[in-house]
file run-v6.txt (compact mmCIF, C-alpha atoms and all ligand atoms)
# COMPACT_ATOMS: atom_id res chain seq x y z
CA MET A 1 157.49 182.68 -16.62
CA VAL A 2 160.23 184.57 -14.80
CA VAL A 3 161.53 183.33 -11.44
CA VAL A 4 163.38 185.88 -9.33
CA VAL A 5 165.64 184.21 -6.78
CA GLU A 6 166.09 185.58 -3.25
CA HIS A 7 169.34 187.50 -2.57
CA ASN A 8 170.45 185.04 0.08
CA ALA A 9 169.52 181.85 -1.81
CA THR A 10 172.24 179.22 -1.90
CA GLU A 11 173.61 177.60 -5.06
CA LYS A 12 171.88 174.39 -3.92
CA ASN A 13 168.51 176.29 -3.71
CA ILE A 14 169.00 177.54 -7.27
CA GLU A 15 169.88 174.11 -8.61
CA ASP A 16 166.80 172.65 -6.91
CA ILE A 17 164.54 175.31 -8.45
CA ILE A 18 166.01 174.63 -11.89
CA LYS A 19 165.45 170.90 -11.43
CA VAL A 20 161.80 171.38 -10.48
CA LEU A 21 161.27 173.65 -13.52
CA HIS A 22 162.84 171.02 -15.77
CA ASP A 23 160.64 168.34 -14.21
CA PHE A 24 157.59 170.43 -15.10
CA GLY A 25 158.85 170.53 -18.69
CA PHE A 26 160.23 174.08 -18.88
CA ASP A 27 163.48 175.07 -20.59
CA VAL A 28 165.44 177.20 -18.17
CA HIS A 29 167.68 180.18 -18.95
CA ARG A 30 169.72 181.37 -16.01
CA SER A 31 170.97 184.96 -15.66
CA THR A 32 173.31 185.59 -12.78
CA GLY A 33 174.02 189.20 -11.87
CA VAL A 34 176.22 190.56 -9.12
CA ASN A 35 173.65 190.04 -6.40
CA GLN A 36 170.58 188.77 -8.22
CA THR A 37 169.77 185.57 -10.09
CA VAL A 38 166.82 185.41 -12.45
CA LEU A 39 165.52 182.25 -14.13
CA GLY A 40 163.56 182.42 -17.37
CA ALA A 41 161.28 179.40 -17.67
CA ILE A 42 160.24 178.86 -21.27
CA GLY A 43 157.31 176.65 -22.21
CA VAL A 44 153.66 177.14 -23.08
CA LYS A 45 151.61 175.93 -20.10
CA PRO A 46 148.52 178.10 -19.83
CA ASP A 47 147.14 176.19 -16.83
CA PHE A 48 150.38 176.07 -14.85
CA ASP A 49 149.88 176.92 -11.17
CA MET A 50 152.70 179.34 -10.33
CA ARG A 51 152.30 178.65 -6.61
CA GLN A 52 154.13 175.36 -7.25
CA ILE A 53 157.26 177.44 -7.86
CA GLU A 54 156.49 180.27 -5.41
CA LEU A 55 156.62 177.87 -2.46
CA LEU A 56 160.15 176.55 -3.23
CA SER A 57 163.00 177.63 -0.95
CA GLY A 58 164.95 180.53 -2.38
CA VAL A 59 162.18 181.89 -4.63
CA ALA A 60 161.43 185.61 -4.17
CA HIS A 61 158.87 186.24 -6.94
CA VAL A 62 157.33 184.46 -9.92
CA TYR A 63 155.88 186.41 -12.85
CA ARG A 64 153.78 185.14 -15.69
CA ILE A 65 154.79 186.67 -19.03
CA THR A 66 152.06 185.19 -21.24
CA GLU A 67 148.32 185.36 -20.61
CA PRO A 68 146.54 182.18 -19.49
CA TYR A 69 143.91 182.79 -22.18
CA LYS A 70 144.89 182.27 -25.79
CA LEU A 71 142.05 182.59 -28.32
CA ALA A 72 140.79 185.77 -26.62
CA SER A 73 144.21 187.43 -26.61
CA ARG A 74 145.77 190.02 -28.88
CA SER A 75 148.83 187.81 -29.25
CA PHE A 76 146.64 185.16 -30.91
CA ARG A 77 144.80 187.64 -33.13
CA ASN A 78 145.83 191.26 -33.32
CA GLU A 79 143.12 192.46 -35.64
CA LYS A 80 139.84 193.38 -33.92
CA THR A 81 136.96 190.93 -34.13
CA ILE A 82 133.84 192.33 -35.73
CA VAL A 83 130.69 190.55 -34.61
CA ASP A 84 128.07 190.64 -37.34
CA VAL A 85 124.54 190.57 -35.93
CA GLY A 86 122.49 190.16 -39.11
CA GLY A 87 124.25 193.07 -40.78
CA VAL A 88 124.73 195.19 -37.62
CA LYS A 89 128.47 195.15 -37.09
CA ILE A 90 129.92 195.48 -33.59
CA GLY A 91 133.65 196.08 -33.19
CA GLY A 92 134.18 198.17 -36.32
CA ASP A 93 134.34 201.96 -36.61
CA ASP A 94 130.67 202.53 -35.86
CA ILE A 95 129.24 202.45 -32.34
CA VAL A 96 126.09 200.36 -32.02
CA VAL A 97 123.33 201.09 -29.51
CA MET A 98 121.20 198.35 -27.95
CA ALA A 99 118.21 199.60 -25.97
CA GLY A 100 115.00 198.38 -24.41
CA PRO A 101 113.44 197.44 -21.11
CA CYS A 102 115.05 195.37 -18.40
CA SER A 103 112.22 192.82 -18.82
CA VAL A 104 109.62 192.15 -21.45
CA GLU A 105 106.37 192.73 -19.54
CA ASN A 106 103.55 192.64 -22.09
CA GLU A 107 102.83 193.22 -25.77
CA LYS A 108 101.93 196.89 -25.51
CA GLN A 109 105.04 197.70 -23.47
CA ILE A 110 107.60 195.98 -25.70
CA PHE A 111 106.06 197.28 -28.95
CA GLU A 112 105.91 200.84 -27.66
CA ILE A 113 109.51 200.81 -26.47
CA ALA A 114 110.80 199.07 -29.60
CA GLN A 115 109.24 201.77 -31.75
CA ARG A 116 110.63 204.60 -29.64
CA VAL A 117 114.20 203.29 -29.43
CA ALA A 118 114.27 202.44 -33.15
CA LYS A 119 113.15 205.96 -33.96
CA SER A 120 115.98 207.41 -31.86
CA GLY A 121 118.60 205.26 -33.59
CA ALA A 122 118.99 202.02 -31.62
CA LYS A 123 119.89 199.04 -33.79
CA ILE A 124 119.27 196.21 -31.34
CA LEU A 125 116.34 195.69 -28.95
CA ARG A 126 117.28 194.50 -25.46
CA GLY A 127 114.93 192.83 -22.99
CA GLY A 128 114.84 189.88 -20.67
CA ALA A 129 112.35 187.03 -20.87
CA PHE A 130 114.20 184.97 -18.27
CA LYS A 131 115.32 187.21 -15.41
CA PRO A 132 118.03 186.49 -12.84
CA ARG A 133 116.44 188.20 -9.81
CA THR A 134 117.98 188.49 -6.36
CA SER A 135 114.61 187.51 -4.86
CA PRO A 136 112.76 184.36 -5.92
CA TYR A 137 109.52 186.29 -5.26
CA ALA A 138 110.32 189.06 -7.76
CA PHE A 139 109.08 189.02 -11.38
CA GLN A 140 110.95 186.21 -13.17
CA GLY A 141 110.07 187.10 -16.77
CA LEU A 142 107.50 185.91 -19.31
CA GLY A 143 109.62 183.02 -20.60
CA GLU A 144 108.99 181.85 -24.18
CA GLU A 145 106.00 184.16 -24.51
CA GLY A 146 108.36 187.08 -23.86
CA LEU A 147 110.77 185.86 -26.54
CA LYS A 148 107.94 185.66 -29.08
CA LEU A 149 106.72 189.19 -28.29
CA MET A 150 110.24 190.56 -28.47
CA ARG A 151 110.97 188.90 -31.79
CA ARG A 152 107.87 190.44 -33.31
CA ALA A 153 108.53 193.85 -31.80
CA ALA A 154 112.12 193.78 -33.11
CA ASP A 155 111.15 192.62 -36.61
CA GLU A 156 108.36 195.15 -36.98
CA ASN A 157 110.74 197.97 -36.12
CA GLY A 158 113.77 196.83 -38.15
CA LEU A 159 115.75 195.92 -35.03
CA LYS A 160 117.88 192.91 -34.10
CA MET A 161 117.42 191.49 -30.59
CA ILE A 162 119.46 190.48 -27.56
CA THR A 163 118.12 188.57 -24.57
CA GLU A 164 119.51 186.64 -21.64
CA ALA A 165 119.72 182.87 -21.31
CA MET A 166 120.17 181.72 -17.75
CA ASP A 167 121.14 178.10 -18.27
CA ILE A 168 121.84 175.31 -20.74
CA SER A 169 118.18 174.29 -20.98
CA GLN A 170 117.27 177.68 -22.52
CA ILE A 171 119.85 177.66 -25.33
CA GLU A 172 117.57 175.80 -27.74
CA LEU A 173 114.83 178.42 -27.35
CA MET A 174 117.40 181.17 -27.87
CA GLU A 175 118.49 179.62 -31.18
CA LYS A 176 114.88 179.90 -32.31
CA TYR A 177 114.17 183.50 -31.35
CA THR A 178 117.12 185.75 -30.65
CA ASP A 179 120.03 187.26 -32.61
CA VAL A 180 122.41 187.60 -29.63
CA ILE A 181 122.48 185.60 -26.39
CA GLN A 182 123.34 187.55 -23.24
CA VAL A 183 125.20 185.84 -20.41
CA GLY A 184 124.38 187.66 -17.18
CA ALA A 185 126.91 188.82 -14.63
CA ARG A 186 125.86 186.08 -12.20
CA ASN A 187 126.51 183.41 -14.80
CA MET A 188 129.93 184.58 -15.96
CA GLN A 189 131.62 181.65 -14.28
CA ASN A 190 129.01 178.99 -15.04
CA TYR A 191 131.53 177.00 -17.03
CA ASN A 192 129.22 174.19 -18.26
CA PHE A 193 126.87 176.83 -19.63
CA LEU A 194 129.73 178.71 -21.31
CA ARG A 195 130.97 175.47 -22.92
CA GLU A 196 127.52 174.84 -24.41
CA LEU A 197 127.40 178.42 -25.73
CA GLY A 198 130.64 177.60 -27.52
CA LYS A 199 128.58 175.29 -29.74
CA SER A 200 125.86 177.88 -30.42
CA THR A 201 125.45 179.56 -33.81
CA LYS A 202 124.46 182.82 -32.08
CA PRO A 203 126.82 185.61 -31.01
CA VAL A 204 127.22 185.82 -27.24
CA MET A 205 127.53 188.96 -25.10
CA LEU A 206 129.37 188.02 -21.92
CA LYS A 207 128.72 190.33 -18.98
CA ARG A 208 131.47 190.85 -16.44
CA GLY A 209 130.89 189.11 -13.10
CA LEU A 210 130.24 191.32 -10.09
CA SER A 211 133.73 190.72 -8.72
CA ALA A 212 135.58 189.37 -11.73
CA THR A 213 139.06 190.49 -12.70
CA PHE A 214 139.81 191.15 -16.37
CA GLU A 215 141.72 187.87 -16.47
CA GLU A 216 138.82 185.84 -15.03
CA TRP A 217 136.40 187.52 -17.44
CA LEU A 218 138.64 186.80 -20.44
CA MET A 219 139.09 183.20 -19.26
CA SER A 220 135.29 182.88 -19.38
CA ALA A 221 135.31 184.21 -22.95
CA GLU A 222 137.97 181.59 -23.69
CA TYR A 223 135.47 178.83 -22.74
CA ILE A 224 133.05 180.05 -25.42
CA LEU A 225 135.75 180.67 -28.04
CA SER A 226 137.38 177.29 -27.46
CA GLY A 227 134.03 175.60 -28.13
CA GLY A 228 134.15 177.05 -31.64
CA ASN A 229 131.95 180.15 -31.27
CA LYS A 230 134.08 183.08 -32.39
CA ASN A 231 131.40 185.73 -31.95
CA VAL A 232 131.90 186.87 -28.40
CA MET A 233 131.49 190.41 -27.02
CA MET A 234 132.65 191.53 -23.59
CA CYS A 235 130.21 193.70 -21.60
CA GLU A 236 131.29 195.91 -18.70
CA ARG A 237 128.25 196.35 -16.42
CA GLY A 238 129.74 197.66 -13.21
CA ILE A 239 131.47 195.82 -10.40
CA ARG A 240 130.90 195.64 -6.69
CA THR A 241 133.12 197.93 -4.65
CA PHE A 242 133.05 199.49 -1.18
CA GLU A 243 131.00 202.41 -2.55
CA THR A 244 127.33 202.40 -1.52
CA ALA A 245 126.11 205.62 -3.20
CA THR A 246 125.66 203.83 -6.53
CA ARG A 247 124.32 200.35 -7.30
CA ASN A 248 127.63 199.28 -8.84
CA THR A 249 130.86 201.01 -9.79
CA MET A 250 131.06 201.37 -13.56
CA ASP A 251 134.62 200.40 -14.41
CA ILE A 252 135.35 202.61 -17.41
CA SER A 253 138.96 201.40 -17.35
CA ALA A 254 137.70 197.98 -18.48
CA ILE A 255 137.11 199.42 -21.95
CA PRO A 256 140.69 200.42 -22.92
CA VAL A 257 142.26 197.63 -20.86
CA VAL A 258 140.23 194.81 -22.40
CA HIS A 259 140.77 196.34 -25.83
CA ALA A 260 144.52 196.18 -25.24
CA LYS A 261 144.43 192.59 -24.00
CA SER A 262 141.87 191.22 -26.42
CA HIS A 263 140.58 191.56 -29.99
CA LEU A 264 136.96 191.09 -28.85
CA PRO A 265 134.50 194.01 -29.02
CA VAL A 266 133.70 195.76 -25.74
CA VAL A 267 130.13 196.78 -24.91
CA ALA A 268 129.29 199.12 -22.01
CA ASP A 269 126.14 198.90 -19.89
CA PRO A 270 125.77 202.22 -18.05
CA SER A 271 122.32 201.23 -16.66
CA HIS A 272 123.54 198.40 -14.45
CA GLY A 273 126.93 200.10 -14.29
CA ILE A 274 125.65 202.90 -12.07
CA GLY A 275 122.04 201.93 -11.40
CA ILE A 276 120.65 205.48 -11.07
CA ARG A 277 118.58 206.89 -13.94
CA ASP A 278 119.87 210.47 -13.99
CA LYS A 279 123.50 209.31 -14.01
CA VAL A 280 123.16 206.85 -16.88
CA ILE A 281 123.70 209.44 -19.63
CA PRO A 282 127.05 210.73 -18.24
CA MET A 283 128.24 207.12 -17.92
CA ALA A 284 127.20 206.43 -21.52
CA ARG A 285 129.17 209.49 -22.64
CA ALA A 286 132.21 208.33 -20.69
CA ALA A 287 131.97 204.83 -22.15
CA VAL A 288 131.87 206.15 -25.71
CA ALA A 289 134.79 208.48 -24.98
CA ALA A 290 136.76 205.52 -23.61
CA GLY A 291 136.24 203.55 -26.82
CA ALA A 292 133.22 201.27 -26.25
CA ASP A 293 132.11 199.50 -29.43
CA ALA A 294 128.49 199.40 -28.30
CA ILE A 295 126.25 200.71 -25.54
CA ILE A 296 123.44 198.65 -24.02
CA VAL A 297 120.96 200.71 -22.08
CA GLU A 298 117.63 200.19 -20.32
CA VAL A 299 114.71 202.31 -21.58
CA HIS A 300 111.10 202.03 -20.41
CA ASN A 301 107.90 203.78 -21.52
CA ASP A 302 106.75 203.97 -17.87
CA PRO A 303 109.83 203.37 -15.69
CA ASP A 304 108.01 204.21 -12.46
CA HIS A 305 105.84 201.13 -12.97
CA ALA A 306 108.45 198.84 -14.52
CA LYS A 307 108.52 195.25 -13.23
CA SER A 308 112.31 195.40 -12.88
CA ASP A 309 115.05 198.02 -12.83
CA GLY A 310 112.71 200.99 -13.30
CA ALA A 311 114.97 203.23 -11.19
CA GLN A 312 117.80 202.88 -13.70
CA SER A 313 115.67 202.91 -16.86
CA LEU A 314 115.64 206.00 -19.05
CA PHE A 315 112.43 207.62 -20.24
CA PRO A 316 112.24 207.51 -24.06
CA ASN A 317 112.95 211.27 -24.30
CA GLN A 318 116.06 210.83 -22.14
CA PHE A 319 117.19 208.07 -24.48
CA GLU A 320 116.75 210.44 -27.41
CA GLU A 321 118.94 212.95 -25.53
CA MET A 322 121.56 210.27 -24.78
CA MET A 323 121.75 209.46 -28.49
CA LYS A 324 122.31 213.14 -29.33
CA GLN A 325 125.07 213.45 -26.79
CA ILE A 326 126.92 210.25 -27.68
CA ARG A 327 126.82 211.19 -31.36
CA LEU A 328 128.82 214.30 -30.47
CA ILE A 329 131.30 212.33 -28.37
CA ALA A 330 131.70 209.71 -31.10
CA GLU A 331 132.48 212.43 -33.63
CA ALA A 332 135.08 213.92 -31.32
CA ILE A 333 137.01 210.64 -31.33
CA GLY A 334 136.65 210.03 -35.07
CA ARG A 335 133.82 207.50 -34.88
CA LYS A 336 130.12 207.64 -35.43
CA VAL A 337 127.01 206.07 -33.94
CA ALA A 338 125.69 203.50 -36.43
C1 LIG A 401 120.08 192.77 -17.29
O1 LIG A 401 120.71 193.03 -18.32
O2 LIG A 401 118.92 193.16 -17.08
C2 LIG A 401 120.80 192.05 -16.21
C3 LIG A 401 120.16 191.30 -15.33
O3 LIG A 401 122.13 192.27 -16.23
P1 LIG A 401 123.32 191.79 -15.25
O4 LIG A 401 123.50 190.32 -15.51
O5 LIG A 401 124.47 192.61 -15.72
O6 LIG A 401 122.91 192.10 -13.84
MN MN A 402 118.13 195.04 -15.66
call {"tool": "encode", "arguments": {"input": "run-v6.txt", "output": "structure tokens", "more": "lines below"}}
Ligand code: PEP
Ligand code: MN
result
Amino acid sequence: MVVVVEHNATEKNIEDIIKVLHDFGFDVHRSTGVNQTVLGAIGVKPDFDMRQIELLSGVAHVYRITEPYKLASRSFRNEKTIVDVGGVKIGGDDIVVMAGPCSVENEKQIFEIAQRVAKSGAKILRGGAFKPRTSPYAFQGLGEEGLKLMRRAADENGLKMITEAMDISQIELMEKYTDVIQVGARNMQNYNFLRELGKSTKPVMLKRGLSATFEEWLMSAEYILSGGNKNVMMCERGIRTFETATRNTMDISAIPVVHAKSHLPVVADPSHGIGIRDKVIPMARAAVAAGADAIIVEVHNDPDHAKSDGAQSLFPNQFEEMMKQIRLIAEAIGRKVA
């Protein structure tokens, strides 16, 4: 931590600041320039509240020089993490595509979509059996029945599967059926849930909260990692901004920034990211160009009658087109779509 002292601070102010830093257990290195004093406070205290120094008399600014997260950071592990989902590797050279409906609705629907997305090159089937809906009156998902249907649809089409768990009580079921557990945007800061996922044997895809900073999002990953589960993927799915023309604002910058801060793979969700069907493909192209390790996208055989998120779901032929286009983009940046 670096403490910049105010120009007009007295020697007594400076001595008091140094004393407080020592009391908190920091080693202090003082640099006195002609009209500026800077204090370097050395000590690893990831949970230190810098406001305790900011409020002291004579302090102009306090800067953190190490991240508050450790296991998720590049300084802990420089080499990229590759999450192995039953042989499908996410975080390596190849870009993985996860596709499927927002929700599993019935047997015919999930089997039809699974077949179509597998044929176009998806490796992982997405779909929700437990749905976090804004309205309690909206379709909430088929529950365990949905997980069973999805497992069969995935297996019969050579796909792995990803589905969302909404709370601790569903983790046991997830262990039984799915290959990857999705944590939804609304649950990104459900810390008890994240702690339990740290004990899971399944990889976890952690969606970014609607208003979460990169640091908050990585701190949430830290909860899972510190529980012992090393297989965590970060998923950018759009954030809430002042813009109303799109459902969310897809933060493409999350992809290179999180890659620089962390060794964890970054997945991009252009469907929730923009929320408008005909703009999903350009967002998918942008995400691949920016370095996403995987794309997760909503595809429906009959989006106009989907029980959730039909307006942002691609028709199967649009998905086929998206795959064609992202293959070209991947090639342009020296990667390929797995
Ligand atoms: C979903 O993937 O369908 C979903 C509900 O995602 P999010 O948590 O990002 O809104
Ligand atoms: Mn959805």
call {"tool": "residues_near_ligand", "arguments": {"input": "run-v6.txt", "ligand": "ligand LIG 401 (chain A)", "cutoff": "7 Å", "atoms": "only C-alpha atoms and all ligand atoms", "output": "PDB file with C-alpha atoms, in the coordinates of the input"}}
result
ATOM      1  CA  CYS A 102     115.050 195.370 -18.400  1.00  0.00           C
ATOM      2  CA  SER A 103     112.220 192.820 -18.820  1.00  0.00           C
ATOM      3  CA  GLY A 128     114.840 189.880 -20.670  1.00  0.00           C
ATOM      4  CA  LYS A 131     115.320 187.210 -15.410  1.00  0.00           C
ATOM      5  CA  PRO A 132     118.030 186.490 -12.840  1.00  0.00           C
ATOM      6  CA  VAL A 183     125.200 185.840 -20.410  1.00  0.00           C
ATOM      7  CA  GLY A 184     124.380 187.660 -17.180  1.00  0.00           C
ATOM      8  CA  ALA A 185     126.910 188.820 -14.630  1.00  0.00           C
ATOM      9  CA  ARG A 186     125.860 186.080 -12.200  1.00  0.00           C
ATOM     10  CA  LYS A 207     128.720 190.330 -18.980  1.00  0.00           C
ATOM     11  CA  ARG A 237     128.250 196.350 -16.420  1.00  0.00           C
ATOM     12  CA  HIS A 272     123.540 198.400 -14.450  1.00  0.00           C
TER      13      HIS A 272
END
call {"tool": "closest_residue", "arguments": {"input": "run-v6.txt", "among": "A:Gly92, A:Pro68, A:Gly310, A:Gly43", "to": "Gly275 of chain A", "atoms": "all atoms listed in the file"}}
result
A:Gly310
call {"tool": "atom_distance", "arguments": {"input": "run-v6.txt", "atom1": "atom CA of Ala129 of chain A", "atom2": "atom CA of Ile171 of chain A"}}
result
12.8 Å
call {"tool": "residues_around", "arguments": {"input": "run-v6.txt", "residues": "Ala289 of chain A", "least_positions_apart": "3", "cutoff": "8 Å", "atoms": "only C-alpha atoms", "output": "list in words"}}
result
Arg285, Ala286, Ala292, Ile329, Ala330 and Ile333 of chain A
call {"tool": "residues_around", "arguments": {"input": "run-v6.txt", "residues": "Gly141 of chain A", "least_positions_apart": "2", "cutoff": "10 Å", "atoms": "all atoms listed in the file", "output": "PyMOL selection string"}}
result
chain A and resi 102-105+127-133+138-139+143-147+307-308
call {"tool": "atom_distance", "arguments": {"input": "run-v6.txt", "atom1": "atom CA of Ala268 of chain A", "atom2": "atom CA of Ala290 of chain A"}}
result
10.0 Å
call {"tool": "atom_distance", "arguments": {"input": "run-v6.txt", "atom1": "atom CA of Glu321 of chain A", "atom2": "atom CA of Ile181 of chain A"}}
result
27.6 Å
call {"tool": "residues_around", "arguments": {"input": "run-v6.txt", "residues": "Lys119 of chain A", "least_positions_apart": "5", "cutoff": "10 Å", "atoms": "all atoms listed in the file", "output": "short mmCIF file (atom, residue, chain, number, x, y, z; two decimals) with C-alpha atoms, in the coordinates of the input"}}
result
data_model
loop_
_atom_site.label_atom_id
_atom_site.label_comp_id
_atom_site.auth_asym_id
_atom_site.auth_seq_id
_atom_site.Cartn_x
_atom_site.Cartn_y
_atom_site.Cartn_z
CA ILE A 113 109.51 200.81 -26.47
CA ALA A 114 110.80 199.07 -29.60
CA ASN A 157 110.74 197.97 -36.12
CA GLU A 320 116.75 210.44 -27.41
#
call {"tool": "closest_residue", "arguments": {"input": "run-v6.txt", "among": "A:Ile14, A:Met161, A:Leu314, A:Ile326", "to": "ligand MN 402 (chain A)", "atoms": "only C-alpha atoms and all ligand atoms"}}
result
A:Leu314
call {"tool": "residues_around", "arguments": {"input": "run-v6.txt", "residues": "Ile17 of chain A", "least_positions_apart": "5", "cutoff": "10 Å", "atoms": "all atoms listed in the file", "output": "PDB file with C-alpha atoms, keeping the file's coordinate frame"}}
result
ATOM      1  CA  VAL A   3     161.530 183.330 -11.440  1.00  0.00           C
ATOM      2  CA  VAL A   5     165.640 184.210  -6.780  1.00  0.00           C
ATOM      3  CA  GLU A  11     173.610 177.600  -5.060  1.00  0.00           C
ATOM      4  CA  LYS A  12     171.880 174.390  -3.920  1.00  0.00           C
ATOM      5  CA  HIS A  22     162.840 171.020 -15.770  1.00  0.00           C
ATOM      6  CA  ASP A  23     160.640 168.340 -14.210  1.00  0.00           C
ATOM      7  CA  VAL A  28     165.440 177.200 -18.170  1.00  0.00           C
ATOM      8  CA  LEU A  39     165.520 182.250 -14.130  1.00  0.00           C
ATOM      9  CA  ILE A  53     157.260 177.440  -7.860  1.00  0.00           C
ATOM     10  CA  GLU A  54     156.490 180.270  -5.410  1.00  0.00           C
ATOM     11  CA  LEU A  56     160.150 176.550  -3.230  1.00  0.00           C
ATOM     12  CA  SER A  57     163.000 177.630  -0.950  1.00  0.00           C
ATOM     13  CA  GLY A  58     164.950 180.530  -2.380  1.00  0.00           C
ATOM     14  CA  VAL A  59     162.180 181.890  -4.630  1.00  0.00           C
TER      15      VAL A  59
END
call {"tool": "build_atoms", "arguments": {"input": "run-v6.txt", "residues": "segment 102-115 of chain A", "atoms": "N, CA and C atoms", "output": "mmCIF file, keeping the file's coordinate frame"}}
result
data_model
loop_
_atom_site.group_PDB
_atom_site.id
_atom_site.type_symbol
_atom_site.label_atom_id
_atom_site.label_comp_id
_atom_site.auth_asym_id
_atom_site.auth_seq_id
_atom_site.Cartn_x
_atom_site.Cartn_y
_atom_site.Cartn_z
ATOM 1 N N CYS A 102 114.351 196.433 -19.126
ATOM 2 C CA CYS A 102 115.050 195.370 -18.400
ATOM 3 C C CYS A 102 114.340 194.060 -18.734
ATOM 4 N N SER A 103 113.000 194.037 -18.534
ATOM 5 C CA SER A 103 112.220 192.820 -18.820
ATOM 6 C C SER A 103 111.126 193.097 -19.826
ATOM 7 N N VAL A 104 110.803 192.071 -20.597
ATOM 8 C CA VAL A 104 109.620 192.150 -21.450
ATOM 9 C C VAL A 104 108.439 191.892 -20.518
ATOM 10 N N GLU A 105 107.471 192.839 -20.508
ATOM 11 C CA GLU A 105 106.370 192.730 -19.540
ATOM 12 C C GLU A 105 105.043 192.355 -20.199
ATOM 13 N N ASN A 106 104.775 192.969 -21.346
ATOM 14 C CA ASN A 106 103.550 192.640 -22.090
ATOM 15 C C ASN A 106 103.701 193.203 -23.504
ATOM 16 N N GLU A 107 102.748 192.865 -24.353
ATOM 17 C CA GLU A 107 102.830 193.220 -25.770
ATOM 18 C C GLU A 107 102.904 194.734 -25.980
ATOM 19 N N LYS A 108 102.008 195.445 -25.321
ATOM 20 C CA LYS A 108 101.930 196.890 -25.510
ATOM 21 C C LYS A 108 103.266 197.540 -25.125
ATOM 22 N N GLN A 109 103.790 197.112 -23.972
ATOM 23 C CA GLN A 109 105.040 197.700 -23.470
ATOM 24 C C GLN A 109 106.207 197.495 -24.452
ATOM 25 N N ILE A 110 106.406 196.268 -24.880
ATOM 26 C CA ILE A 110 107.600 195.980 -25.700
ATOM 27 C C ILE A 110 107.480 196.623 -27.087
ATOM 28 N N PHE A 111 106.242 196.645 -27.630
ATOM 29 C CA PHE A 111 106.060 197.280 -28.950
ATOM 30 C C PHE A 111 106.282 198.788 -28.869
ATOM 31 N N GLU A 112 105.764 199.391 -27.812
ATOM 32 C CA GLU A 112 105.910 200.840 -27.660
ATOM 33 C C GLU A 112 107.392 201.225 -27.515
ATOM 34 N N ILE A 113 108.086 200.478 -26.683
ATOM 35 C CA ILE A 113 109.510 200.810 -26.470
ATOM 36 C C ILE A 113 110.325 200.540 -27.735
ATOM 37 N N ALA A 114 110.040 199.419 -28.386
ATOM 38 C CA ALA A 114 110.800 199.070 -29.600
ATOM 39 C C ALA A 114 110.692 200.201 -30.625
ATOM 40 N N GLN A 115 109.458 200.701 -30.776
ATOM 41 C CA GLN A 115 109.240 201.770 -31.750
ATOM 42 C C GLN A 115 110.012 203.038 -31.368
#
